[in-house]
Amino acid sequence: EPVIPPTPQRSPTPPPIRQPAKVQPPPPQDEAPIVAPKVKPVQPPRPQRQQADAQKADAFQIDLPPLVAMQARGAVFLSVTKALAADGGIPPDDDATLEKARSAAEKTLQALQKKLAGADFSSWPMQIAREVCGLGPLTELLEDEAVVEIFINGPTQILVRRAADTSSIGIPLTPVNAFFSSDEAVALVIRRVMFAAGLKFDAEHPIAEARMADGTRVNAVHHAAAVKGPIVTISR
């Protein structure tokens, strides 16, 4: 019998190699635009308001002597004060001391006539003497029963409220045509008031509150602790 060769077996077909799926990048997203915060424009002051503020400030101003004359008056006040109270104390408020202060102020002012050009200083000797020996321009205001409040904003601005009674609601301030010689003059006058109440008032004790003999309240800030000069409030 013829020999029949065996049928060759086919080798198994290897499975196809799968290619890894391509990872598609995510579609680009539109970035949200950066929006700057809204800033309200700064509105310049209205001309009408500026004008009103200027008019209000002018309403509190009084005619003052030239600056050089005011500086000379302040120097005279210090000179007279040192002559009458060399130890730094408070000069007496009697008539004899008042006359000494007036005479000393008059002589010193006469020697400074060149610096007083443009100023009517005929009444200054007595005004300075009353600051040294009394309450200066506050004297007449405290004697006026219609004055219910007094405000001192530095030596050259004195404002008052006048009312028929002690209620000052709705009553505007009005300027007084008077002034102190200097910050030191205000300090001495208020120091006298505080001393009578048993309190100190100076650079080391710059804030004080007291009541006068008639019950009038006095609050004061010394010029050593105030940027724009002494501040005083007197209320009845």
# chains A, B, ... in the order shown; residues from 1 in each chain; ligands from 1
>>> residues_around(residues="Leu64 in chain A", least_positions_apart="6", cutoff="10 Å", atoms="only C-alpha atoms", output="ChimeraX atom specification")
/A:70,119,156,177-179
>>> residues_around(residues="range 101-114 of chain A", least_positions_apart="5", cutoff="6 Å", atoms="only C-alpha atoms", output="list in words")
Pro125, Met126 and Ala129 of chain A
>>> closest_residue(among="A:Phe180, A:Phe121, A:Phe151, A:Phe195", to="Asn219 in chain A", atoms="only C-alpha atoms")
A:Phe151
>>> atom_distance(atom1="CA of Pro66 in chain A", atom2="CA of Ser181 in chain A")
12.7 Å
>>> atom_distance(atom1="CA of Ala72 in chain A", atom2="CA of Leu116 in chain A")
7.2 Å
>>> atom_distance(atom1="CA of Val176 in chain A", atom2="CA of Ala203 in chain A")
27.0 Å
>>> closest_residue(among="A:Leu135, A:His223, A:Leu141, A:Pro91", to="Glu184 in chain A", atoms="only C-alpha atoms")
A:His223
>>> select_by_dssp(residues="range 103-216 of chain A", states="strand (DSSP E)", output="JSON, numbers by chain")
{"A": [147, 148, 149, 150, 151, 152, 153, 158, 159, 160, 161, 162, 174, 175, 207, 208, 209, 210, 211]}
>>> residues_around(residues="Gly74 in chain A", least_positions_apart="3", cutoff="6 Å", atoms="only C-alpha atoms", output="list of chain:residue names")
A:Gln71, A:Phe77, A:Ser181, A:Ser182
>>> residues_around(residues="Arg236 in chain A", least_positions_apart="4", cutoff="7 Å", atoms="only C-alpha atoms", output="PyMOL selection string")
chain A and resi 148-149+166+216-217
>>> select_by_dssp(residues="range 164-212 of chain A", states="alpha helix (DSSP H)", output="count of residues only")
14
>>> closest_residue(among="A:Pro206, A:Gly198, A:Gly154, A:Pro175", to="Lys228 in chain A", atoms="only C-alpha atoms")
A:Gly154
>>> closest_residue(among="A:Val227, A:Ile62, A:Met212, A:Leu138", to="Ala185 in chain A", atoms="only C-alpha atoms")
A:Leu138
>>> closest_residue(among="A:Ala196, A:Ala163, A:Ala208, A:Ile169", to="Ala225 in chain A", atoms="only C-alpha atoms")
A:Ala208
>>> residues_around(residues="Val221 in chain A", least_positions_apart="3", cutoff="6 Å", atoms="only C-alpha atoms", output="VMD selection string")
chain A and resid 206 to 207 230 to 231
>>> write_last_selection(atoms="N, CA, C and O atoms", output="CSV table (one decimal), in the first residue's frame")
chain,number,residue,atom,x,y,z
A,206,PRO,N,-2.0,118.9,79.4
A,206,PRO,CA,-2.5,119.7,78.3
A,206,PRO,C,-4.0,119.6,78.1
A,206,PRO,O,-4.6,120.4,77.3
A,207,ILE,N,-4.7,118.8,78.9
A,207,ILE,CA,-6.2,118.7,78.7
A,207,ILE,C,-6.8,118.9,80.1
A,207,ILE,O,-6.4,118.2,81.1
A,230,PRO,N,-4.3,126.3,70.6
A,230,PRO,CA,-5.2,125.9,71.7
A,230,PRO,C,-6.7,125.8,71.3
A,230,PRO,O,-7.1,126.6,70.4
A,231,ILE,N,-7.4,124.9,71.9
A,231,ILE,CA,-8.8,124.8,71.7
A,231,ILE,C,-9.6,124.9,73.0
A,231,ILE,O,-9.2,124.2,74.0
>>> residues_around(residues="Val193 in chain A", least_positions_apart="4", cutoff="9 Å", atoms="only C-alpha atoms", output="ChimeraX atom specification")
/A:135,188-189,197,199,210-212,218
